Every structure is written in structure tokens, then in C-alpha cells.
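Next comes model02.txt, with compact mmCIF, C-alpha atoms.
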# COMPACT_ATOMS: atom_id res chain seq x y z
CA MET A 1 224.82 137.98 168.46
CA VAL A 2 227.03 141.02 168.81
CA ILE A 3 227.42 142.58 165.36
CA ASN A 4 231.09 143.07 164.57
CA GLN A 5 233.37 142.04 161.75
CA ALA A 6 234.89 139.11 163.63
CA ASN A 7 231.51 137.57 164.45
CA LEU A 8 230.22 138.13 160.91
CA ASP A 9 233.32 136.50 159.42
CA ALA A 10 232.94 133.51 161.74
CA MET A 11 229.25 133.19 160.84
CA PHE A 12 229.99 133.30 157.11
CA GLN A 13 232.76 130.71 157.50
CA SER A 14 230.29 128.45 159.30
CA PHE A 15 227.68 128.98 156.58
CA SER A 16 230.28 128.28 153.91
CA THR A 17 231.14 124.94 155.53
CA MET A 18 227.44 124.04 155.74
CA PHE A 19 227.00 125.00 152.09
CA THR A 20 229.86 122.74 150.99
CA GLU A 21 228.65 119.79 153.06
CA ALA A 22 225.06 120.09 151.80
CA TYR A 23 226.27 120.58 148.22
CA MET A 24 228.40 117.43 148.29
CA GLY A 25 225.60 115.46 149.94
CA THR A 26 223.01 116.24 147.27
CA PRO A 27 222.80 113.73 144.39
CA GLY A 28 223.06 114.86 140.78
CA PRO A 29 222.03 111.79 138.77
CA LEU A 30 221.81 113.47 135.36
CA LEU A 31 225.23 115.06 135.62
CA GLU A 32 226.81 111.89 137.01
CA GLN A 33 225.01 109.22 134.99
CA VAL A 34 223.69 110.90 131.84
CA GLY A 35 225.82 113.95 131.00
CA THR A 36 229.51 114.62 130.50
CA ARG A 37 231.19 117.19 132.77
CA ILE A 38 233.73 119.22 130.80
CA PRO A 39 236.01 121.77 132.50
CA SER A 40 236.12 125.16 130.81
CA ASN A 41 238.77 127.87 131.07
CA THR A 42 237.34 130.51 128.77
CA ARG A 43 234.05 132.33 128.12
CA ASP A 44 233.32 130.56 124.82
CA GLN A 45 234.49 127.00 124.34
CA ARG A 46 234.75 125.42 120.90
CA TYR A 47 234.08 121.73 120.38
CA PRO A 48 235.64 120.33 117.18
CA PHE A 49 233.29 117.37 116.72
CA MET A 50 234.41 115.37 113.70
CA GLN A 51 231.91 115.44 110.87
CA THR A 52 233.49 112.49 109.10
CA ILE A 53 233.30 109.82 111.77
CA SER A 54 234.49 106.53 110.33
CA GLY A 55 233.69 103.14 111.72
CA ALA A 56 236.58 100.83 110.95
CA PHE A 57 240.19 100.28 109.90
CA ARG A 58 240.85 99.08 106.36
CA GLN A 59 243.33 96.55 105.05
CA TRP A 60 246.62 98.33 104.38
CA THR A 61 247.78 97.56 100.87
CA GLY A 62 249.99 100.07 99.12
CA ALA A 63 249.92 103.68 100.27
CA ARG A 64 247.72 104.92 103.10
CA VAL A 65 244.31 106.30 102.13
CA ILE A 66 243.98 109.75 103.67
CA ASN A 67 240.74 110.75 105.39
CA ASN A 68 240.22 114.48 105.18
CA VAL A 69 238.88 115.22 108.64
CA VAL A 70 236.43 118.11 108.77
CA VAL A 71 235.55 119.61 112.14
CA ASP A 72 232.65 121.82 113.09
CA GLY A 73 233.15 124.85 115.30
CA PHE A 74 230.38 124.07 117.77
CA VAL A 75 230.63 126.82 120.39
CA VAL A 76 229.16 126.79 123.90
CA THR A 77 229.09 130.09 125.82
CA ASN A 78 229.23 129.95 129.60
CA ILE A 79 226.31 131.48 131.51
CA LYS A 80 226.37 133.13 134.94
CA TRP A 81 223.99 131.72 137.57
CA GLU A 82 222.99 133.06 140.99
CA ASP A 83 220.69 132.45 143.95
CA THR A 84 220.72 135.11 146.69
CA LEU A 85 219.49 135.37 150.30
CA SER A 86 218.79 138.57 152.22
CA ILE A 87 219.49 138.52 155.97
CA GLU A 88 218.04 141.19 158.24
CA ARG A 89 220.56 142.63 160.68
CA THR A 90 217.95 142.40 163.43
CA ASP A 91 217.66 138.64 162.85
CA LEU A 92 221.34 138.28 163.71
CA GLU A 93 221.12 140.65 166.66
CA ASP A 94 218.21 138.62 168.06
CA ASP A 95 220.01 135.30 167.49
CA GLN A 96 217.54 134.12 164.83
CA TYR A 97 220.25 133.00 162.41
CA SER A 98 219.77 129.30 163.21
CA ILE A 99 217.03 129.17 160.58
CA TYR A 100 219.67 130.04 157.98
CA ALA A 101 221.95 127.27 159.21
CA SER A 102 219.25 124.59 159.42
CA MET A 103 217.19 125.34 156.30
CA LEU A 104 218.17 128.21 154.04
CA ILE A 105 221.89 127.53 153.49
CA PRO A 106 221.32 123.78 152.82
CA ASN A 107 218.53 124.67 150.39
CA LEU A 108 220.81 127.16 148.65
CA ALA A 109 223.42 124.39 148.32
CA ARG A 110 220.80 122.01 146.93
CA ASN A 111 219.77 124.58 144.31
CA ALA A 112 223.40 124.91 143.28
CA ARG A 113 223.89 121.15 143.07
CA ILE A 114 220.83 120.46 140.91
CA LEU A 115 221.61 123.28 138.45
CA PRO A 116 223.50 120.98 136.02
CA ASP A 117 220.75 118.35 136.26
CA GLN A 118 218.08 120.93 135.45
CA GLN A 119 220.04 122.26 132.49
CA ILE A 120 220.87 118.78 131.13
CA ALA A 121 217.18 117.87 131.40
CA ASN A 122 216.39 121.03 129.46
CA ILE A 123 218.60 119.76 126.63
CA PHE A 124 216.40 116.66 126.38
CA ASN A 125 213.19 118.69 126.78
CA SER A 126 213.95 121.50 124.33
CA ASN A 127 215.85 119.39 121.73
CA PRO A 128 218.29 122.11 120.57
CA ILE A 129 220.39 122.18 117.41
CA CYS A 130 223.26 119.72 117.54
CA TYR A 131 226.75 120.03 116.01
CA ASP A 132 225.57 118.61 112.66
CA SER A 133 222.98 121.42 112.23
CA ARG A 134 220.12 119.06 113.06
CA THR A 135 218.26 118.94 116.36
CA LEU A 136 219.70 116.51 118.88
CA PHE A 137 216.79 114.14 118.25
CA ALA A 138 215.78 114.14 114.61
CA THR A 139 214.68 111.85 111.80
CA ASN A 140 217.08 113.44 109.30
CA HIS A 141 220.59 113.31 110.73
CA TYR A 142 223.06 113.11 107.85
CA LEU A 143 224.69 109.82 107.02
CA ASP A 144 227.57 111.90 105.64
CA PRO A 145 227.59 115.34 107.34
CA GLN A 146 230.45 116.60 105.19
CA ALA A 147 228.60 115.94 101.94
CA LYS A 148 225.22 116.59 103.64
CA THR A 149 223.74 113.43 102.16
CA GLY A 150 221.65 110.58 103.48
CA ALA A 151 219.32 110.54 106.47
CA GLN A 152 218.98 108.45 109.60
CA SER A 153 216.83 108.80 112.69
CA ASN A 154 217.39 108.77 116.44
CA SER A 155 213.78 109.74 117.17
CA LEU A 156 211.03 107.09 117.30
CA ALA A 157 207.30 107.64 117.78
CA THR A 158 204.24 105.85 119.17
CA LYS A 159 206.17 103.30 121.23
CA PRO A 160 205.27 103.18 124.93
CA LEU A 161 207.97 101.86 127.25
CA ASN A 162 207.93 98.06 127.39
CA ALA A 163 210.34 95.20 126.69
CA VAL A 164 209.41 94.88 123.01
CA ASN A 165 209.82 98.60 122.30
CA VAL A 166 213.13 98.70 124.17
CA ALA A 167 214.30 96.05 121.71
CA LEU A 168 213.20 98.26 118.80
CA ALA A 169 215.00 101.29 120.27
CA GLN A 170 218.13 99.24 120.91
CA ALA A 171 218.16 98.00 117.31
CA ALA A 172 217.70 101.56 116.00
CA LEU A 173 220.59 102.80 118.14
CA MET A 174 222.90 99.96 117.10
CA THR A 175 222.32 100.52 113.38
CA LEU A 176 223.24 104.24 113.29
CA LYS A 177 226.11 104.55 110.82
CA GLY A 178 229.04 106.76 109.95
CA PRO A 179 229.82 108.14 106.47
CA ASP A 180 231.58 104.89 105.55
CA GLY A 181 228.33 102.98 106.06
CA ILE A 182 229.65 101.09 109.08
CA PRO A 183 227.71 101.19 112.40
CA LEU A 184 229.14 103.64 114.91
CA GLY A 185 229.07 101.11 117.73
CA SER A 186 226.35 102.68 119.87
CA TYR A 187 224.60 100.43 122.39
CA GLY A 188 221.99 101.49 124.92
CA THR A 189 222.92 101.02 128.57
CA THR A 190 220.67 103.56 130.33
CA ILE A 191 216.92 104.12 130.25
CA LEU A 192 216.12 107.74 131.11
CA VAL A 193 212.54 108.47 132.11
CA PRO A 194 210.26 111.02 133.82
CA PRO A 195 208.49 109.99 137.05
CA SER A 196 205.40 108.51 135.36
CA LEU A 197 207.58 105.86 133.69
CA GLN A 198 209.64 104.87 136.72
CA PHE A 199 207.70 101.64 137.35
CA ALA A 200 207.78 100.59 133.69
CA ALA A 201 211.51 101.32 133.39
CA LEU A 202 212.43 99.45 136.57
CA THR A 203 210.27 96.50 135.47
CA VAL A 204 212.01 96.26 132.10
CA ALA A 205 215.45 96.68 133.65
CA ASN A 206 215.17 94.46 136.70
CA ALA A 207 212.19 92.08 136.73
CA SER A 208 212.98 88.41 136.22
CA PHE A 209 209.54 87.87 134.75
CA TYR A 210 206.73 90.07 133.51
CA PRO A 211 203.02 89.33 133.08
CA GLU A 212 202.00 87.66 129.88
CA GLY A 213 199.47 89.50 127.73
CA LYS A 214 196.61 87.90 125.85
CA ASN A 215 194.32 89.72 123.46
CA GLY A 216 195.93 93.01 124.43
CA VAL A 217 195.26 92.48 128.14
CA SER A 218 197.97 91.69 130.66
CA GLY A 219 197.03 89.36 133.45
CA THR A 220 197.96 86.29 135.40
CA PHE A 221 197.72 83.92 132.46
CA GLY A 222 201.37 83.07 132.99
CA SER A 223 204.69 84.85 132.77
CA GLN A 224 207.59 85.30 130.40
CA SER A 225 211.27 85.56 131.20
CA ASN A 226 212.56 89.10 130.93
CA VAL A 227 215.60 88.93 128.65
CA TRP A 228 216.51 92.53 129.54
CA ALA A 229 216.87 91.86 133.28
CA GLY A 230 220.09 93.40 134.60
CA GLN A 231 221.12 95.02 131.31
CA PHE A 232 220.09 98.62 131.92
CA ASN A 233 220.68 101.38 134.43
CA VAL A 234 217.50 103.38 135.10
CA VAL A 235 217.67 107.13 135.72
CA VAL A 236 214.50 108.95 136.75
CA SER A 237 214.38 112.75 136.59
CA GLU A 238 211.58 115.00 137.75
CA TYR A 239 212.99 117.73 135.50
CA LEU A 240 212.08 115.89 132.30
CA THR A 241 208.83 116.83 130.55
CA ASP A 242 206.20 114.35 131.72
CA SER A 243 202.74 113.80 130.27
CA GLY A 244 201.77 112.00 133.46
CA ASP A 245 200.50 109.05 131.43
CA PRO A 246 202.78 106.00 131.04
CA THR A 247 201.30 105.30 127.60
CA THR A 248 202.24 108.71 126.19
CA ALA A 249 205.30 109.87 128.18
CA VAL A 250 208.61 110.30 126.34
CA TRP A 251 211.55 108.06 127.27
CA TYR A 252 215.16 107.75 126.15
CA LEU A 253 217.65 104.95 125.56
CA LEU A 254 221.23 106.18 126.04
CA ASP A 255 224.69 104.80 125.40
CA ASN A 256 226.52 105.93 128.55
CA ARG A 257 229.36 103.41 128.56
CA SER A 258 231.91 106.20 128.17
CA ALA A 259 231.70 109.18 130.53
CA SER A 260 233.33 111.36 127.86
CA LEU A 261 231.08 110.39 124.92
CA ARG A 262 227.44 111.10 125.73
CA ALA A 263 224.39 112.86 124.31
CA ALA A 264 224.53 115.88 126.62
CA LEU A 265 227.30 117.82 128.32
CA TRP A 266 227.69 120.23 131.21
CA GLN A 267 230.45 122.75 130.59
CA GLU A 268 231.71 124.00 133.96
CA ARG A 269 233.59 127.29 134.04
CA GLU A 270 233.25 127.92 137.78
CA ALA A 271 231.76 125.45 140.24
CA PRO A 272 229.10 126.82 142.61
CA GLN A 273 230.44 128.75 145.59
CA LEU A 274 228.98 130.75 148.45
CA VAL A 275 229.75 134.50 148.41
CA SER A 276 228.65 137.20 150.85
CA LEU A 277 228.20 140.88 151.50
CA VAL A 278 228.52 141.15 155.29
CA ASP A 279 230.88 144.10 155.73
CA PRO A 280 229.28 146.54 158.21
CA ALA A 281 231.11 149.37 156.46
CA SER A 282 229.44 148.59 153.12
CA SER A 283 227.09 151.33 151.94
CA THR A 284 224.51 148.71 150.97
CA VAL A 285 224.56 147.22 154.46
CA PHE A 286 224.50 150.72 156.03
CA PHE A 287 221.46 152.00 154.10
CA GLU A 288 219.43 148.78 153.99
CA ASP A 289 220.38 147.33 157.40
CA ARG A 290 220.67 143.86 155.93
CA TYR A 291 223.34 141.43 154.72
CA TYR A 292 223.45 139.25 151.62
CA MET A 293 224.66 135.75 150.87
CA GLY A 294 224.31 133.85 147.66
CA GLY A 295 225.51 131.11 145.42
CA ARG A 296 227.38 131.89 142.23
CA ALA A 297 228.33 129.63 139.33
CA ARG A 298 229.28 129.75 135.66
CA GLY A 299 228.58 127.04 133.13
CA ALA A 300 226.23 125.83 130.41
CA ALA A 301 224.62 122.66 129.13
CA ALA A 302 224.74 121.68 125.47
CA PRO A 303 223.90 118.73 123.21
CA GLY A 304 226.72 116.25 122.69
CA LEU A 305 226.83 113.25 120.35
CA TRP A 306 223.39 112.61 118.84
CA PHE A 307 224.17 108.99 117.91
CA LYS A 308 224.54 108.10 121.60
CA ALA A 309 220.81 108.44 122.30
CA ILE A 310 217.38 107.48 121.02
CA LYS A 311 214.28 109.47 121.93
CA VAL A 312 211.02 107.50 121.99
CA SER A 313 207.56 109.05 122.32
CA GLY A 314 204.52 107.15 123.54
CA ALA A 315 201.19 106.68 121.83

Would you mind writing the file out in C-alpha cells?
Amino acid sequence: MVINQANLDAMFQSFSTMFTEAYMGTPGPLLEQVGTRIPSNTRDQRYPFMQTISGAFRQWTGARVINNVVVDGFVVTNIKWEDTLSIERTDLEDDQYSIYASMLIPNLARNARILPDQQIANIFNSNPICYDSRTLFATNHYLDPQAKTGAQSNSLATKPLNAVNVALAQAALMTLKGPDGIPLGSYGTTILVPPSLQFAALTVANASFYPEGKNGVSGTFGSQSNVWAGQFNVVVSEYLTDSGDPTTAVWYLLDNRSASLRAALWQEREAPQLVSLVDPASSTVFFEDRYYMGGRARGAAAPGLWFKAIKVSGA
């Protein structure tokens, strides 16, 4: 390729198109099915989650009873992200740039696309502080956050993934209450698992029957109808912490019925884009004899509504 500004601009435009196509063609299951995407227009975004979440209307007799709504200033700061490629000028002169078109640019787009998924998974893995000053998954979430009284749990232990333990997790999620003592209406619709639990999750969610167990051993003694068949969406993520053992791996039951009310969020300030330094007159290009292209994005993941998820650890 003849190195001039026109050819470099045309090459970058071609790479930019390839980047966009590969980006849109890469799935992002955690962002789409588990997290909430929230547009951001400032560096620090404040989320006024209500501390006094009530569960029901009351009969109106006489004057209205005023609820003093208290909001927490939960702040999420956007982070800059980058992934950069270096391109030797001689590679372009010798027409070796096809490797960038066929492999490197699509891989750069993939890295940009999975960024939200990786960061949402990190919310589940690291269990950060939530808006109520407790970790996202905890055994001591306040019943009344304003008064800081009471305790309830969205973290269960020693329960490997099976139909019986899904029932226990579902019951725990459904009984989480607001300050007025009324259930908040959570109901699990998604089972989120690492790779080692994919088979178990798909069996619970889809199998019409499952093997009957006798004396702690499953076998072909008979079969039982699976009452959970068709009730759950299964999301498998390789970015979740995985013990590699189905009896000990952590799994999650999530209420994802509303795309705007979930347990994790991805705050997007600037969507990923491809940027370049390909000006032959640039001092960097002149001294190093190379060009640069890279992805750039701004955003951050954060915990959302803790009562929309149950974390369950294995044995």
C-alpha cells in the first residue's frame, strides 16, 4: 500500500466499519439478560435509591398518611477503558494489513463488547457495598434501612444447585420484605451460573423429568416430573468465579422481569468506539515509524437492588 493520508483514512474507515460489525455481532448476555444499562451524561452519577420502600397501598380513611421518603446518595463514577493496537508502517507498505482486518480488529471489537459483561460479573464475584451500606449479598440487610433495624438475608449457604434448593432460594427471594413488613414482590426468573453448573441449571430449567434418587444415590429407579420446567431462563458466564465442582460452585437466582430493576447495573457514559493515530505528520508516527488504533469507552458497573437476587453457595 502506498502510504499517504488518503489511503490511511480509507484504511481506518474500513477498520472502523469492521469494528462496528464485529461489536454488534458479539453477544453480551450479562448486560442484556442480567444487568441494567443506564445512560450517563456526567462523570459521577447519583442514584437516589429509596430507603423506605413500601409494599402496598392502605385503605384511605380520613387524611392521607404521609411517608417521609429518604433517599441515599449512591454515587457511581465513570471509568475510562482502552485497548490499543500498534501497527508497523512496514506492515502497511508490504500489504500485510489483512491480518488486522481478519483477526485483530474483530478481536478488539469483541474485547469492547464483553467489557460490560466482565464488569457485571465482577459485581457478583467481588460482592461490593450496596446502597444500604451492606454488601450486595449479605445476611444482614436492614428490614428498615431508615431506622437501621431488623435483618434479612439474600445469601444462602451449603445448597448445591438442584430442584429442591431452587425452591428454597425462590422462597427466600419471595419473602424479602420492605419496612412495612410486606413482601417486596421479588420472584426469581433467571438462574445465573458459572460453566461448571451449566448442565445442572439447564436440567432444572428445562428437563421434563429428572432421575429419582434413593438413599442419596441418583439412578434409573424411576423419574419425577420437574415442576420447574420452563420457568427459568439460564445464563452461563465464564467470567463468574467457578470452583469447577458442581457441588461447591456458587449460583444465583435473579428477578429479571423488569429491565430497569435488577441486581447489577452498567452505567454507560460513552459506548466503545475505534480511534486512531494514523497522521503521517504526527511526531509519534515520525519517530516510531508506526501507527496506533484502539478502542475507547467510559462506564462503570455497580450493584443495583439487592432484593432482586439470591446468592447460593454449594457444599

Item to check | Contact residues around Ile114 of chain A with all atoms listed in the file at 7 Å, ignoring same-chain residues under 4 positions, as an MDAnalysis selection string | outcome: chainID A and resid 28 110 118

Item to check | Cut-off 10 Å around (219.7, 125.5, 157.1) with only C-alpha atoms: residues as a PyMOL selection string | outcome: chain A and resi 15+18-19+22+97-109

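Residues with any atom within 6 Å of the point (233.4, 125.5, 130.7), counting all atoms listed in the file, are Pro39, Ser40, Asn41, Gln267, Glu268, Arg269 and Gly299 of chain A.
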
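Of the residues under consideration (A:Ile182, A:Pro116, A:Ala207, A:Asp279), A:Asp279 shows the shortest atom-to-atom contact distance to Ala6 of chain A when counting only C-alpha atoms.
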
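Of the residues under consideration (A:Asn256, A:Ser283, A:Thr241, A:Gln59), A:Thr241 shows the shortest atom-to-atom contact distance to Phe124 of chain A when counting only C-alpha atoms.
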
Checklist outcome for this item: From the list A:Thr77, A:Gln146, A:Asn127, A:Thr139, the nearest residue to Tyr47 of chain A using all atoms listed in the file is A:Thr77

Item to check | A:Pro194, A:Gly295, A:Gly150, A:Gly185 ranked by distance to Asp83 of chain A, top pick (using all atoms listed in the file) | outcome: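 Closest to Asp83 of chain A of all the choices is A:Gly295.
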
Checklist entry - So how far away is atom CA of Gln170 of chain A from atom CA of Gln224 of chain A, in Å? => result 19.9 Å

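Across the structure, atom CA of Thr248 of chain A and atom CA of Phe199 of chain A are spaced 14.3 Å apart.
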
Item to check | Among listed residues A:Leu192, A:Ala163, A:Ala171, A:Met293, nearest Asn206 of chain A (using all atoms listed in the file) | outcome: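 Under the stated criterion, the closest residue is A:Ala163.
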
Checklist entry - What separation in Å, quoted to one decimal, exists between atom CA of Gly294 of chain A and atom CA of Pro27 of chain A? => result 20.4 Å

Which residues, written as a PDB file with C-alpha atoms, keeping the file's coordinate frame, have at least one atom at most 9 Å from Val227 of chain A, with only C-alpha atoms counted and residues fewer than 3 positions away on the same chain left out?
ATOM      1  CA  ALA A 163     210.340  95.200 126.690  1.00  0.00           C
ATOM      2  CA  VAL A 204     212.010  96.260 132.100  1.00  0.00           C
ATOM      3  CA  SER A 208     212.980  88.410 136.220  1.00  0.00           C
ATOM      4  CA  PHE A 209     209.540  87.870 134.750  1.00  0.00           C
ATOM      5  CA  GLN A 224     207.590  85.300 130.400  1.00  0.00           C
ATOM      6  CA  GLY A 230     220.090  93.400 134.600  1.00  0.00           C
ATOM      7  CA  GLN A 231     221.120  95.020 131.310  1.00  0.00           C
TER       8      GLN A 231
END

Checklist entry - In terms of the shortest atom-to-atom distance over only C-alpha atoms, which of A:Leu8, A:Ala200, A:Leu253, A:Val75 is closest to Tyr131 of chain A? => result A:Val75

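When the distance limit is 12 Å and only C-alpha atoms are what count, the residues near Pro195 of chain A, minus those fewer than 5 positions from it on the same chain, are Ala200, Ala201, Leu202, Val234, Val235, Val236, Ser237, Glu238, Tyr239, Leu240, Thr241, Asp242, Ser243, Gly244, Asp245, Pro246, Ala249, Val250 and Trp251 of chain A.
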
File dump, residues just selected, C-alpha atoms, as a compact mmCIF listing (two decimals), keeping the file's coordinate frame:
# COMPACT_ATOMS: atom_id res chain seq x y z
CA ALA A 200 207.78 100.59 133.69
CA ALA A 201 211.51 101.32 133.39
CA LEU A 202 212.43 99.45 136.57
CA VAL A 234 217.50 103.38 135.10
CA VAL A 235 217.67 107.13 135.72
CA VAL A 236 214.50 108.95 136.75
CA SER A 237 214.38 112.75 136.59
CA GLU A 238 211.58 115.00 137.75
CA TYR A 239 212.99 117.73 135.50
CA LEU A 240 212.08 115.89 132.30
CA THR A 241 208.83 116.83 130.55
CA ASP A 242 206.20 114.35 131.72
CA SER A 243 202.74 113.80 130.27
CA GLY A 244 201.77 112.00 133.46
CA ASP A 245 200.50 109.05 131.43
CA PRO A 246 202.78 106.00 131.04
CA ALA A 249 205.30 109.87 128.18
CA VAL A 250 208.61 110.30 126.34
CA TRP A 251 211.55 108.06 127.27

Item to check | Pro303 of chain A surroundings by only C-alpha atoms, 12 Å radius, close-in-sequence under 5 positions cut, as a VMD selection string | outcome: chain A and resid 34 to 36 47 49 74 to 76 119 to 137 261 to 267 308 to 309

Checklist entry - Any idea what's packed within 10 Å of Glu82 of chain A, counting only C-alpha atoms, ignoring anything in its chain fewer than 4 positions away? Could you give it as a PyMOL selection string? => result chain A and resi 108+111-112+272-274+294-298

Would you output segment 145-167 of chain A from that structure, restricted to N, CA and C atoms, as a compact mmCIF listing (two decimals), in the first residue's frame?
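Once everything was written out, this is selection_4.txt:
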# COMPACT_ATOMS: atom_id res chain seq x y z
N PRO A 145 -34.19 0.25 56.48
CA PRO A 145 -32.90 0.93 56.32
C PRO A 145 -32.86 2.31 56.95
N GLN A 146 -33.99 2.99 57.00
CA GLN A 146 -34.01 4.33 57.58
C GLN A 146 -33.74 4.27 59.09
N ALA A 147 -34.39 3.35 59.76
CA ALA A 147 -34.19 3.19 61.20
C ALA A 147 -33.00 2.29 61.53
N LYS A 148 -32.47 1.60 60.46
CA LYS A 148 -31.36 0.65 60.63
C LYS A 148 -31.72 -0.44 61.64
N THR A 149 -32.88 -1.03 61.43
CA THR A 149 -33.34 -2.10 62.32
C THR A 149 -33.71 -3.33 61.50
N GLY A 150 -33.72 -4.47 62.18
CA GLY A 150 -34.10 -5.72 61.54
C GLY A 150 -33.00 -6.25 60.65
N ALA A 151 -33.13 -7.51 60.26
CA ALA A 151 -32.14 -8.14 59.38
C ALA A 151 -32.82 -9.21 58.54
N GLN A 152 -32.43 -9.27 57.30
CA GLN A 152 -32.91 -10.33 56.40
C GLN A 152 -31.80 -10.67 55.42
N SER A 153 -31.85 -11.86 54.87
CA SER A 153 -30.72 -12.39 54.11
C SER A 153 -31.08 -12.66 52.65
N ASN A 154 -30.14 -12.32 51.76
CA ASN A 154 -30.24 -12.76 50.37
C ASN A 154 -29.00 -13.57 49.99
N SER A 155 -28.43 -14.23 51.00
CA SER A 155 -27.25 -15.08 50.80
C SER A 155 -27.46 -16.39 51.54
N LEU A 156 -27.52 -17.49 50.79
CA LEU A 156 -27.74 -18.82 51.36
C LEU A 156 -26.48 -19.66 51.19
N ALA A 157 -26.28 -20.62 52.08
CA ALA A 157 -25.06 -21.43 52.04
C ALA A 157 -25.40 -22.91 51.99
N THR A 158 -24.40 -23.68 51.55
CA THR A 158 -24.42 -25.16 51.54
C THR A 158 -25.65 -25.71 50.84
N LYS A 159 -25.94 -25.19 49.65
CA LYS A 159 -27.08 -25.66 48.88
C LYS A 159 -26.68 -25.80 47.41
N PRO A 160 -26.18 -26.98 47.02
CA PRO A 160 -25.85 -27.20 45.61
C PRO A 160 -27.08 -27.00 44.72
N LEU A 161 -26.83 -26.72 43.46
CA LEU A 161 -27.92 -26.42 42.53
C LEU A 161 -28.70 -27.69 42.17
N ASN A 162 -29.95 -27.74 42.61
CA ASN A 162 -30.88 -28.80 42.23
C ASN A 162 -32.29 -28.26 42.41
N ALA A 163 -33.29 -29.04 42.02
CA ALA A 163 -34.67 -28.56 42.04
C ALA A 163 -35.14 -28.19 43.43
N VAL A 164 -34.76 -28.98 44.43
CA VAL A 164 -35.20 -28.71 45.80
C VAL A 164 -34.60 -27.40 46.31
N ASN A 165 -33.30 -27.19 46.04
CA ASN A 165 -32.65 -25.97 46.53
C ASN A 165 -33.07 -24.73 45.75
N VAL A 166 -33.46 -24.90 44.50
CA VAL A 166 -34.05 -23.77 43.77
C VAL A 166 -35.35 -23.35 44.45
N ALA A 167 -36.13 -24.31 44.92
CA ALA A 167 -37.37 -23.99 45.64
C ALA A 167 -37.07 -23.21 46.92
